[in-house]
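Structure file structure.pdb; described as PDB, C-alpha atoms.
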ATOM      1  CA  MET G  29      -6.222  -7.474 -33.327
ATOM      2  CA  SER G  30      -8.992  -7.017 -35.831
ATOM      3  CA  ASP G  31     -11.371  -9.386 -34.062
ATOM      4  CA  MET G  32     -11.021  -7.423 -30.823
ATOM      5  CA  LYS G  33     -13.916  -5.223 -29.846
ATOM      6  CA  LYS G  34     -13.098  -1.548 -30.062
ATOM      7  CA  LEU G  35     -13.948   1.395 -27.809
ATOM      8  CA  ALA G  36     -13.397   4.941 -29.019
ATOM      9  CA  ILE G  37     -13.645   7.799 -26.531
ATOM     10  CA  ILE G  38     -13.469  11.532 -27.107
ATOM     11  CA  ALA G  39     -12.411  13.268 -23.881
ATOM     12  CA  THR G  40     -13.229  16.962 -23.872
ATOM     13  CA  LYS G  41     -13.282  17.931 -20.200
ATOM     14  CA  GLY G  42     -10.415  18.941 -17.961
ATOM     15  CA  SER G  43     -11.838  18.892 -14.455
ATOM     16  CA  LEU G  44     -11.139  16.329 -11.745
ATOM     17  CA  ASP G  45     -14.630  14.825 -11.807
ATOM     18  CA  TRP G  46     -14.916  14.667 -15.580
ATOM     19  CA  ALA G  47     -11.504  13.080 -15.966
ATOM     20  CA  TYR G  48     -12.741   9.928 -14.274
ATOM     21  CA  PRO G  49     -15.217   8.517 -16.814
ATOM     22  CA  PRO G  50     -12.735   8.268 -19.714
ATOM     23  CA  PHE G  51     -10.055   6.575 -17.611
ATOM     24  CA  ILE G  52     -12.444   4.254 -15.743
ATOM     25  CA  LEU G  53     -14.155   3.108 -18.929
ATOM     26  CA  ALA G  54     -10.958   2.813 -20.934
ATOM     27  CA  SER G  55      -9.103   0.775 -18.301
ATOM     28  CA  THR G  56     -12.079  -1.500 -17.718
ATOM     29  CA  ALA G  57     -12.698  -2.034 -21.412
ATOM     30  CA  ALA G  58      -9.034  -2.886 -21.900
ATOM     31  CA  ALA G  59      -9.309  -5.433 -19.069
ATOM     32  CA  LEU G  60     -12.273  -6.972 -20.873
ATOM     33  CA  GLY G  61     -10.227  -7.327 -24.024
ATOM     34  CA  TYR G  62     -11.182  -4.195 -25.934
ATOM     35  CA  ASP G  63      -8.817  -2.257 -28.125
ATOM     36  CA  VAL G  64      -9.206   1.301 -26.775
ATOM     37  CA  GLN G  65      -8.342   4.787 -27.956
ATOM     38  CA  ILE G  66      -8.953   8.058 -26.133
ATOM     39  CA  PHE G  67      -8.905  11.121 -28.335
ATOM     40  CA  CYS G  68      -8.211  14.147 -26.118
ATOM     41  CA  THR G  69      -9.341  17.486 -27.406
ATOM     42  CA  PHE G  70      -9.853  20.972 -25.954
ATOM     43  CA  TYR G  71      -9.811  20.732 -22.130
ATOM     44  CA  GLY G  72      -9.420  16.966 -22.356
ATOM     45  CA  LEU G  73      -5.771  17.670 -23.202
ATOM     46  CA  GLN G  74      -5.272  18.269 -19.481
ATOM     47  CA  LEU G  75      -5.608  14.501 -18.985
ATOM     48  CA  LEU G  76      -2.314  14.022 -20.800
ATOM     49  CA  LYS G  77      -0.145  16.176 -18.563
ATOM     50  CA  LYS G  78       2.520  14.415 -16.503
ATOM     51  CA  LYS G  79       1.428  16.432 -13.518
ATOM     52  CA  LEU G  80      -2.340  16.197 -13.240
ATOM     53  CA  ASN G  81      -3.472  19.325 -11.445
ATOM     54  CA  LEU G  82      -7.161  18.897 -12.012
ATOM     55  CA  GLU G  83      -9.723  20.558  -9.819
ATOM     56  CA  VAL G  84     -13.427  20.350  -9.183
ATOM     57  CA  THR G  85     -15.698  23.332  -8.735
ATOM     58  CA  PRO G  86     -19.163  23.702  -7.200
ATOM     59  CA  LEU G  87     -19.583  26.912  -9.233
ATOM     60  CA  GLY G  88     -22.393  26.553 -11.722
ATOM     61  CA  ASN G  89     -22.916  22.944 -10.709
ATOM     62  CA  PRO G  90     -26.157  22.597  -8.750
ATOM     63  CA  GLY G  91     -25.858  18.814  -8.840
ATOM     64  CA  MET G  92     -22.673  18.648  -6.831
ATOM     65  CA  PRO G  93     -23.229  17.356  -3.303
ATOM     66  CA  MET G  94     -21.327  19.446  -0.763
ATOM     67  CA  PRO G  95     -20.374  18.763   2.840
ATOM     68  CA  LEU G  96     -22.857  19.806   5.578
ATOM     69  CA  GLY G  97     -25.603  19.913   2.976
ATOM     70  CA  MET G  98     -24.086  23.172   1.749
ATOM     71  CA  ASP G  99     -25.469  22.550  -1.707
ATOM     72  CA  LYS G 100     -28.896  23.243  -0.190
ATOM     73  CA  TRP G 101     -28.259  26.487   1.706
ATOM     74  CA  PHE G 102     -24.891  27.942   0.740
ATOM     75  CA  PRO G 103     -25.331  31.015  -1.505
ATOM     76  CA  VAL G 104     -24.255  30.219  -5.066
ATOM     77  CA  ALA G 105     -22.346  33.507  -5.374
ATOM     78  CA  LEU G 106     -20.087  32.510  -2.499
ATOM     79  CA  THR G 107     -18.933  29.374  -4.300
ATOM     80  CA  ALA G 108     -16.962  31.815  -6.473
ATOM     81  CA  LEU G 109     -14.887  33.006  -3.513
ATOM     82  CA  PRO G 110     -11.113  32.619  -3.785
ATOM     83  CA  GLY G 111     -10.006  29.315  -2.311
ATOM     84  CA  MET G 112     -13.390  27.606  -2.690
ATOM     85  CA  GLN G 113     -12.252  25.550  -5.666
ATOM     86  CA  ALA G 114      -9.038  24.438  -3.968
ATOM     87  CA  MET G 115     -10.963  23.536  -0.841
ATOM     88  CA  MET G 116     -13.604  21.527  -2.691
ATOM     89  CA  THR G 117     -10.894  19.776  -4.696
ATOM     90  CA  SER G 118      -8.996  18.727  -1.612
ATOM     91  CA  MET G 119     -12.203  17.532   0.067
ATOM     92  CA  MET G 120     -13.193  15.567  -3.021
ATOM     93  CA  LYS G 121      -9.780  13.907  -3.226
ATOM     94  CA  LYS G 122      -9.908  12.937   0.451
ATOM     95  CA  LYS G 123     -13.404  11.541   0.028
ATOM     96  CA  MET G 124     -12.351   9.502  -2.980
ATOM     97  CA  ALA G 125      -9.341   8.055  -1.181
ATOM     98  CA  SER G 126     -11.472   7.127   1.826
ATOM     99  CA  LYS G 127     -13.915   5.286  -0.458
ATOM    100  CA  GLY G 128     -11.203   3.291  -2.178
ATOM    101  CA  VAL G 129     -11.615   5.151  -5.464
ATOM    102  CA  ALA G 130      -8.440   5.043  -7.527
ATOM    103  CA  SER G 131      -6.522   8.233  -8.177
ATOM    104  CA  LEU G 132      -6.529   9.536 -11.744
ATOM    105  CA  GLU G 133      -2.787   8.918 -11.943
ATOM    106  CA  GLU G 134      -3.307   5.269 -11.037
ATOM    107  CA  LEU G 135      -6.138   4.800 -13.530
ATOM    108  CA  ARG G 136      -4.140   6.466 -16.287
ATOM    109  CA  GLU G 137      -1.180   4.234 -15.541
ATOM    110  CA  LEU G 138      -3.424   1.177 -15.723
ATOM    111  CA  CYS G 139      -4.695   2.427 -19.088
ATOM    112  CA  GLN G 140      -1.160   2.779 -20.375
ATOM    113  CA  GLU G 141      -0.144  -0.654 -19.092
ATOM    114  CA  ALA G 142      -3.129  -2.076 -20.947
ATOM    115  CA  ASP G 143      -2.080  -0.377 -24.200
ATOM    116  CA  VAL G 144      -4.898   2.150 -24.288
ATOM    117  CA  LYS G 145      -3.853   4.580 -26.987
ATOM    118  CA  LEU G 146      -3.894   8.226 -25.930
ATOM    119  CA  ILE G 147      -4.202  10.690 -28.761
ATOM    120  CA  ALA G 148      -3.831  14.450 -28.508
ATOM    121  CA  CYS G 149      -5.806  16.590 -30.909
ATOM    122  CA  GLN G 150      -3.094  18.447 -32.813
ATOM    123  CA  MET G 151      -5.339  21.404 -33.607
ATOM    124  CA  THR G 152      -6.184  22.161 -29.969
ATOM    125  CA  VAL G 153      -2.573  21.553 -28.900
ATOM    126  CA  ASP G 154      -1.649  24.360 -31.321
ATOM    127  CA  LEU G 155      -4.647  26.486 -30.378
ATOM    128  CA  PHE G 156      -3.793  26.533 -26.687
ATOM    129  CA  GLU G 157      -0.048  26.564 -27.378
ATOM    130  CA  MET G 158       0.337  23.559 -25.105
ATOM    131  CA  ASP G 159       3.867  22.544 -24.181
ATOM    132  CA  THR G 160       3.932  18.913 -25.291
ATOM    133  CA  SER G 161       7.017  18.254 -23.154
ATOM    134  CA  GLU G 162       4.571  18.449 -20.242
ATOM    135  CA  PHE G 163       2.664  15.470 -21.664
ATOM    136  CA  ILE G 164       3.285  11.879 -20.633
ATOM    137  CA  ASP G 165       5.249   9.608 -22.959
ATOM    138  CA  GLY G 166       3.468   7.606 -25.602
ATOM    139  CA  VAL G 167       0.958  10.257 -26.649
ATOM    140  CA  GLU G 168       0.210  10.363 -30.352
ATOM    141  CA  TYR G 169      -0.832  13.474 -32.247
ATOM    142  CA  ALA G 170      -3.582  13.373 -34.812
ATOM    143  CA  GLY G 171      -6.716  14.998 -36.137
ATOM    144  CA  ALA G 172     -10.352  14.294 -36.831
ATOM    145  CA  ALA G 173      -9.789  12.045 -39.828
ATOM    146  CA  ALA G 174      -7.480   9.776 -37.830
ATOM    147  CA  PHE G 175     -10.109   9.558 -35.104
ATOM    148  CA  PHE G 176     -12.703   8.373 -37.602
ATOM    149  CA  GLU G 177     -10.390   5.706 -38.947
ATOM    150  CA  PHE G 178     -10.580   4.025 -35.538
ATOM    151  CA  ALA G 179     -14.043   5.191 -34.430
ATOM    152  CA  GLY G 180     -15.641   4.099 -37.690
ATOM    153  CA  GLU G 181     -14.669   0.534 -36.884
ATOM    154  CA  SER G 182     -15.515   0.785 -33.199
ATOM    155  CA  ASP G 183     -18.230  -1.123 -31.362
ATOM    156  CA  ILE G 184     -18.716   1.630 -28.796
ATOM    157  CA  CYS G 185     -18.043   5.308 -29.286
ATOM    158  CA  LEU G 186     -18.390   7.816 -26.437
ATOM    159  CA  TYR G 187     -18.172  11.582 -26.279
ATOM    160  CA  ILE G 188     -17.274  12.679 -22.762
TER     161      ILE G 188
ATOM    162  CA  MET X   3     -17.964 -22.404   0.332
ATOM    163  CA  ALA X   4     -15.124 -24.811  -0.051
ATOM    164  CA  VAL X   5     -13.878 -24.187  -3.545
ATOM    165  CA  GLU X   6     -10.200 -24.999  -3.930
ATOM    166  CA  PHE X   7      -8.104 -22.179  -5.274
ATOM    167  CA  ASP X   8      -4.517 -21.540  -6.292
ATOM    168  CA  GLN X   9      -4.197 -17.849  -5.675
ATOM    169  CA  GLU X  10      -5.952 -15.223  -3.613
ATOM    170  CA  LEU X  11      -6.597 -11.544  -4.226
ATOM    171  CA  ASP X  12      -7.887  -9.324  -1.462
ATOM    172  CA  ALA X  13      -9.584  -6.335  -3.058
ATOM    173  CA  SER X  14     -11.304  -5.252   0.155
ATOM    174  CA  GLY X  15     -11.829  -1.512   0.408
ATOM    175  CA  LEU X  16     -11.234  -0.956  -3.293
ATOM    176  CA  ASN X  17     -13.900   0.610  -5.438
ATOM    177  CA  CYS X  18     -14.928   0.280  -9.084
ATOM    178  CA  PRO X  19     -13.110  -0.496 -11.335
ATOM    179  CA  LEU X  20     -10.100  -1.507  -9.223
ATOM    180  CA  PRO X  21     -11.273  -4.995  -8.121
ATOM    181  CA  ILE X  22     -11.793  -5.945 -11.773
ATOM    182  CA  LEU X  23      -8.504  -4.430 -12.905
ATOM    183  CA  ARG X  24      -6.554  -6.127 -10.119
ATOM    184  CA  ALA X  25      -8.256  -9.443 -10.891
ATOM    185  CA  LYS X  26      -7.419  -9.113 -14.558
ATOM    186  CA  LYS X  27      -3.786  -8.427 -13.731
ATOM    187  CA  THR X  28      -3.552 -11.354 -11.337
ATOM    188  CA  LEU X  29      -5.211 -13.732 -13.799
ATOM    189  CA  ALA X  30      -2.749 -12.638 -16.477
ATOM    190  CA  GLY X  31       0.055 -14.065 -14.377
ATOM    191  CA  MET X  32      -1.689 -17.398 -13.792
ATOM    192  CA  GLU X  33      -1.733 -20.582 -15.854
ATOM    193  CA  SER X  34      -4.972 -21.687 -17.453
ATOM    194  CA  GLY X  35      -7.048 -24.007 -15.318
ATOM    195  CA  LYS X  36      -5.890 -22.320 -12.110
ATOM    196  CA  VAL X  37      -8.455 -20.762  -9.800
ATOM    197  CA  LEU X  38      -8.324 -17.258  -8.357
ATOM    198  CA  HIS X  39     -10.171 -16.438  -5.150
ATOM    199  CA  ILE X  40     -11.154 -12.771  -4.950
ATOM    200  CA  ILE X  41     -12.397 -11.014  -1.846
ATOM    201  CA  ALA X  42     -14.144  -7.664  -2.323
ATOM    202  CA  THR X  43     -16.259  -5.255  -0.342
ATOM    203  CA  ASP X  44     -17.642  -3.222  -3.254
ATOM    204  CA  PRO X  45     -21.302  -4.294  -3.675
ATOM    205  CA  GLY X  46     -21.053  -3.360  -7.357
ATOM    206  CA  SER X  47     -18.483  -6.101  -7.825
ATOM    207  CA  VAL X  48     -21.195  -8.787  -7.719
ATOM    208  CA  LYS X  49     -22.601  -7.796 -11.105
ATOM    209  CA  ASP X  50     -19.209  -6.725 -12.361
ATOM    210  CA  PHE X  51     -17.490 -10.068 -11.845
ATOM    211  CA  GLU X  52     -20.378 -11.860 -13.559
ATOM    212  CA  ALA X  53     -19.976  -9.513 -16.512
ATOM    213  CA  PHE X  54     -16.202  -9.827 -16.423
ATOM    214  CA  ALA X  55     -16.381 -13.614 -16.589
ATOM    215  CA  LYS X  56     -18.924 -13.549 -19.382
ATOM    216  CA  GLN X  57     -16.885 -11.170 -21.498
ATOM    217  CA  THR X  58     -13.427 -12.588 -20.917
ATOM    218  CA  GLY X  59     -14.405 -16.260 -21.094
ATOM    219  CA  ASN X  60     -12.944 -16.992 -17.664
ATOM    220  CA  GLU X  61     -15.294 -19.152 -15.633
ATOM    221  CA  LEU X  62     -16.959 -17.836 -12.486
ATOM    222  CA  LEU X  63     -17.113 -21.086 -10.523
ATOM    223  CA  GLU X  64     -18.819 -19.715  -7.483
ATOM    224  CA  SER X  65     -19.628 -16.490  -5.735
ATOM    225  CA  GLY X  66     -21.297 -15.439  -2.542
ATOM    226  CA  GLU X  67     -21.225 -13.251   0.507
ATOM    227  CA  GLU X  68     -19.507 -14.186   3.732
ATOM    228  CA  GLY X  69     -19.270 -11.920   6.731
ATOM    229  CA  GLY X  70     -20.016  -8.774   4.752
ATOM    230  CA  LYS X  71     -17.423  -9.641   2.127
ATOM    231  CA  PHE X  72     -18.037 -10.816  -1.393
ATOM    232  CA  GLN X  73     -16.220 -13.940  -2.535
ATOM    233  CA  PHE X  74     -15.544 -14.902  -6.119
ATOM    234  CA  TYR X  75     -13.826 -17.964  -7.539
ATOM    235  CA  ILE X  76     -12.703 -17.516 -11.111
ATOM    236  CA  LYS X  77     -11.068 -20.231 -13.155
ATOM    237  CA  LYS X  78      -8.706 -19.001 -15.815
ATOM    238  CA  THR X  79      -9.454 -20.494 -19.223
TER     239      THR X  79
END

Transcribe the structure of this file into structure tokens.
Amino acid sequence: MSDMKKLAIIATKGSLDWAYPPFILASTAAALGYDVQIFCTFYGLQLLKKKLNLEVTPLGNPGMPMPLGMDKWFPVALTALPGMQAMMTSMMKKKMASKGVASLEELRELCQEADVKLIACQMTVDLFEMDTSEFIDGVEYAGAAAFFEFAGESDICLYI
Amino acid sequence: MAVEFDQELDASGLNCPLPILRAKKTLAGMESGKVLHIIATDPGSVKDFEAFAKQTGNELLESGEEGGKFQFYIKKT
């Protein structure tokens, strides 16, 4: 184990788009023979829920391409309308499926099969009063010092 | 391309990182010395399979494009 390369990731975001990088990189690194840990903190805790209900929002995101070139002409204020987020999320998911992009559930499963260790930040679990029975099995609970024990020995360390 | 192979994996239509992950899984179930033929449509897979072979020690015997599809032959070490 000790001669394996190590990848340490801190996942801090809980939106559909931002959930991809940690799972894509972790699963790929594991396939390349890395020992991988993802430390989920703040909104990154959403990545640990059995039922992933993550959404994507165009609100406050000028870089997000929208259908019909809407990102160029659609008034920003209207992206805050009720239903916009759900609509964009469903469009994004359809687009991803049509392009052969894996679902988050599939990528997370591949991570787990490859022994990627998923760690929940105990402090933010308490802070948000998260119900840990909603988390998938195999999650470990730890804090900053435990993260450094692994990250300090890592070859690659990413904050996402 | 007439490389002999023992197993085939069709990753057509799949996008990054699925072709690599599927290949890794298939190779895990193969004996060393056996050759896996992978078919992919993701243009990113060309660089990715080179990098995969380099990092995992499995040998990329041959690769190329045929009829809009990318072909890879990887020998398990």

Counting all atoms listed in the file, give me one row per residue of chain X with an atom at most 10 Å from an atom of chain G, showing the shortest contact pair and its distance in Å to one decimal, sorted by chain then residue number, as JSON lines.
{"residue": "X:Ala13", "atom": "CA", "partner": "G:Gly128", "partner_atom": "CA", "distance": 9.8}
{"residue": "X:Ser14", "atom": "CA", "partner": "G:Gly128", "partner_atom": "CA", "distance": 8.9}
{"residue": "X:Gly15", "atom": "CA", "partner": "G:Gly128", "partner_atom": "CA", "distance": 5.5}
{"residue": "X:Leu16", "atom": "CA", "partner": "G:Gly128", "partner_atom": "CA", "distance": 4.4}
{"residue": "X:Asn17", "atom": "CA", "partner": "G:Gly128", "partner_atom": "CA", "distance": 5.0}
{"residue": "X:Cys18", "atom": "CA", "partner": "G:Val129", "partner_atom": "CA", "distance": 6.9}
{"residue": "X:Pro19", "atom": "CA", "partner": "G:Ile52", "partner_atom": "CA", "distance": 6.5}
{"residue": "X:Leu20", "atom": "CA", "partner": "G:Ala130", "partner_atom": "CA", "distance": 7.0}
{"residue": "X:Ile22", "atom": "CA", "partner": "G:Thr56", "partner_atom": "CA", "distance": 7.4}
{"residue": "X:Leu23", "atom": "CA", "partner": "G:Ala59", "partner_atom": "CA", "distance": 6.3}
{"residue": "X:Arg24", "atom": "CA", "partner": "G:Ala59", "partner_atom": "CA", "distance": 9.4}
{"residue": "X:Ala25", "atom": "CA", "partner": "G:Ala59", "partner_atom": "CA", "distance": 9.2}
{"residue": "X:Lys26", "atom": "CA", "partner": "G:Ala59", "partner_atom": "CA", "distance": 6.1}
{"residue": "X:Lys27", "atom": "CA", "partner": "G:Ala59", "partner_atom": "CA", "distance": 8.2}
{"residue": "X:Asp44", "atom": "CA", "partner": "G:Gly128", "partner_atom": "CA", "distance": 9.2}
{"residue": "X:Ala53", "atom": "CA", "partner": "G:Leu60", "partner_atom": "CA", "distance": 9.2}
{"residue": "X:Phe54", "atom": "CA", "partner": "G:Leu60", "partner_atom": "CA", "distance": 6.6}
{"residue": "X:Ala55", "atom": "CA", "partner": "G:Leu60", "partner_atom": "CA", "distance": 8.9}
{"residue": "X:Lys56", "atom": "CA", "partner": "G:Leu60", "partner_atom": "CA", "distance": 9.5}
{"residue": "X:Gln57", "atom": "CA", "partner": "G:Leu60", "partner_atom": "CA", "distance": 6.3}
{"residue": "X:Thr58", "atom": "CA", "partner": "G:Leu60", "partner_atom": "CA", "distance": 5.7}
{"residue": "X:Gly59", "atom": "CA", "partner": "G:Leu60", "partner_atom": "CA", "distance": 9.5}

Here's the selection I'm unsure about, the PyMOL selection byres ((chain X and resi 67) around 10); applied to the file above, which residues does it give, as an mmCIF file with C-alpha atoms, in the coordinates of the input?
data_model
loop_
_atom_site.group_PDB
_atom_site.id
_atom_site.type_symbol
_atom_site.label_atom_id
_atom_site.label_comp_id
_atom_site.auth_asym_id
_atom_site.auth_seq_id
_atom_site.Cartn_x
_atom_site.Cartn_y
_atom_site.Cartn_z
ATOM 1 C CA MET X 3 -17.964 -22.404 0.332
ATOM 2 C CA ILE X 41 -12.397 -11.014 -1.846
ATOM 3 C CA ALA X 42 -14.144 -7.664 -2.323
ATOM 4 C CA THR X 43 -16.259 -5.255 -0.342
ATOM 5 C CA PRO X 45 -21.302 -4.294 -3.675
ATOM 6 C CA VAL X 48 -21.195 -8.787 -7.719
ATOM 7 C CA SER X 65 -19.628 -16.490 -5.735
ATOM 8 C CA GLY X 66 -21.297 -15.439 -2.542
ATOM 9 C CA GLU X 68 -19.507 -14.186 3.732
ATOM 10 C CA GLY X 69 -19.270 -11.920 6.731
ATOM 11 C CA GLY X 70 -20.016 -8.774 4.752
ATOM 12 C CA LYS X 71 -17.423 -9.641 2.127
ATOM 13 C CA PHE X 72 -18.037 -10.816 -1.393
ATOM 14 C CA GLN X 73 -16.220 -13.940 -2.535
ATOM 15 C CA PHE X 74 -15.544 -14.902 -6.119
#

Considering all atoms listed in the file, return as a PDB file with C-alpha atoms, keeping the file's coordinate frame whatever protein or nucleic-acid residues lie within 6 Å of Gly35 in chain X, sequence-local ones (same chain, fewer than 6 positions apart) excluded.
ATOM      1  CA  LYS X  77     -11.068 -20.231 -13.155  1.00  0.00           C
ATOM      2  CA  LYS X  78      -8.706 -19.001 -15.815  1.00  0.00           C
ATOM      3  CA  THR X  79      -9.454 -20.494 -19.223  1.00  0.00           C
TER       4      THR X  79
END

Please enumerate the residues selected by the PyMOL selection byres ((chain G and resi 44) around 10) when evaluated against the supplied file, formatted as a ChimeraX atom specification.
/G:41-43,45-48,74-75,80-85,117,120-121,131-132

Dump of C-alpha atoms for the selected residues, as an mmCIF file, in the coordinates of the input:
data_model
loop_
_atom_site.group_PDB
_atom_site.id
_atom_site.type_symbol
_atom_site.label_atom_id
_atom_site.label_comp_id
_atom_site.auth_asym_id
_atom_site.auth_seq_id
_atom_site.Cartn_x
_atom_site.Cartn_y
_atom_site.Cartn_z
ATOM 1 C CA LYS G 41 -13.282 17.931 -20.200
ATOM 2 C CA GLY G 42 -10.415 18.941 -17.961
ATOM 3 C CA SER G 43 -11.838 18.892 -14.455
ATOM 4 C CA ASP G 45 -14.630 14.825 -11.807
ATOM 5 C CA TRP G 46 -14.916 14.667 -15.580
ATOM 6 C CA ALA G 47 -11.504 13.080 -15.966
ATOM 7 C CA TYR G 48 -12.741 9.928 -14.274
ATOM 8 C CA GLN G 74 -5.272 18.269 -19.481
ATOM 9 C CA LEU G 75 -5.608 14.501 -18.985
ATOM 10 C CA LEU G 80 -2.340 16.197 -13.240
ATOM 11 C CA ASN G 81 -3.472 19.325 -11.445
ATOM 12 C CA LEU G 82 -7.161 18.897 -12.012
ATOM 13 C CA GLU G 83 -9.723 20.558 -9.819
ATOM 14 C CA VAL G 84 -13.427 20.350 -9.183
ATOM 15 C CA THR G 85 -15.698 23.332 -8.735
ATOM 16 C CA THR G 117 -10.894 19.776 -4.696
ATOM 17 C CA MET G 120 -13.193 15.567 -3.021
ATOM 18 C CA LYS G 121 -9.780 13.907 -3.226
ATOM 19 C CA SER G 131 -6.522 8.233 -8.177
ATOM 20 C CA LEU G 132 -6.529 9.536 -11.744
#

May I ask for the distance between CA of Thr107 in chain G and CA of Pro86 in chain G, given in Å to one decimal place?
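Going from CA of Thr107 in chain G over to CA of Pro86 in chain G covers 6.4 Å.
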
Between CA of Ala36 in chain G and CA of Ala170 in chain G - distance in Å to one decimal
14.2 Å

Could you give me, as a PyMOL selection string, the residues that sit within 12 Å of (-0.1, 2.1, -32.0) in the file's coordinates, counting only C-alpha atoms?
chain G and resi 29+63-65+140+143-147+166-169+178

Using CA of Glu141 in chain G and CA of Ala39 in chain G as the two end points, give the distance in Å to one decimal.
19.2 Å

12 Å contact set for Asp159 in chain G, only C-alpha atoms, chain neighbours under 5 positions out, as a PDB file with C-alpha atoms, keeping the file's coordinate frame:
ATOM      1  CA  LEU G  73      -5.771  17.670 -23.202  1.00  0.00           C
ATOM      2  CA  GLN G  74      -5.272  18.269 -19.481  1.00  0.00           C
ATOM      3  CA  LEU G  76      -2.314  14.022 -20.800  1.00  0.00           C
ATOM      4  CA  LYS G  77      -0.145  16.176 -18.563  1.00  0.00           C
ATOM      5  CA  LYS G  78       2.520  14.415 -16.503  1.00  0.00           C
ATOM      6  CA  ALA G 148      -3.831  14.450 -28.508  1.00  0.00           C
ATOM      7  CA  GLN G 150      -3.094  18.447 -32.813  1.00  0.00           C
ATOM      8  CA  THR G 152      -6.184  22.161 -29.969  1.00  0.00           C
ATOM      9  CA  VAL G 153      -2.573  21.553 -28.900  1.00  0.00           C
ATOM     10  CA  ASP G 154      -1.649  24.360 -31.321  1.00  0.00           C
ATOM     11  CA  ILE G 164       3.285  11.879 -20.633  1.00  0.00           C
TER      12      ILE G 164
END

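Distance check against Glu10 in chain X using all atoms listed in the file: of X:Thr28, X:Ile40, X:Glu33, X:Asp50, the minimum falls on X:Ile40.
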
Quick check on the file I pasted: which residues fall under the PyMOL selection byres ((chain G and resi 181) around 10)? Write them as a PyMOL selection string.
chain G and resi 30+33-36+176-180+182-185

Give me, as a list of chain:residue names, all polymer residues having an atom no more than 12 Å from Gly88 in chain G, counting all atoms listed in the file and skipping those fewer than 2 positions away in the same chain.
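Returned residues: G:Val84, G:Thr85, G:Pro86, G:Pro90, G:Gly91, G:Met92, G:Asp99, G:Pro103, G:Val104, G:Ala105, G:Leu106, G:Thr107, G:Ala108, G:Gln113.
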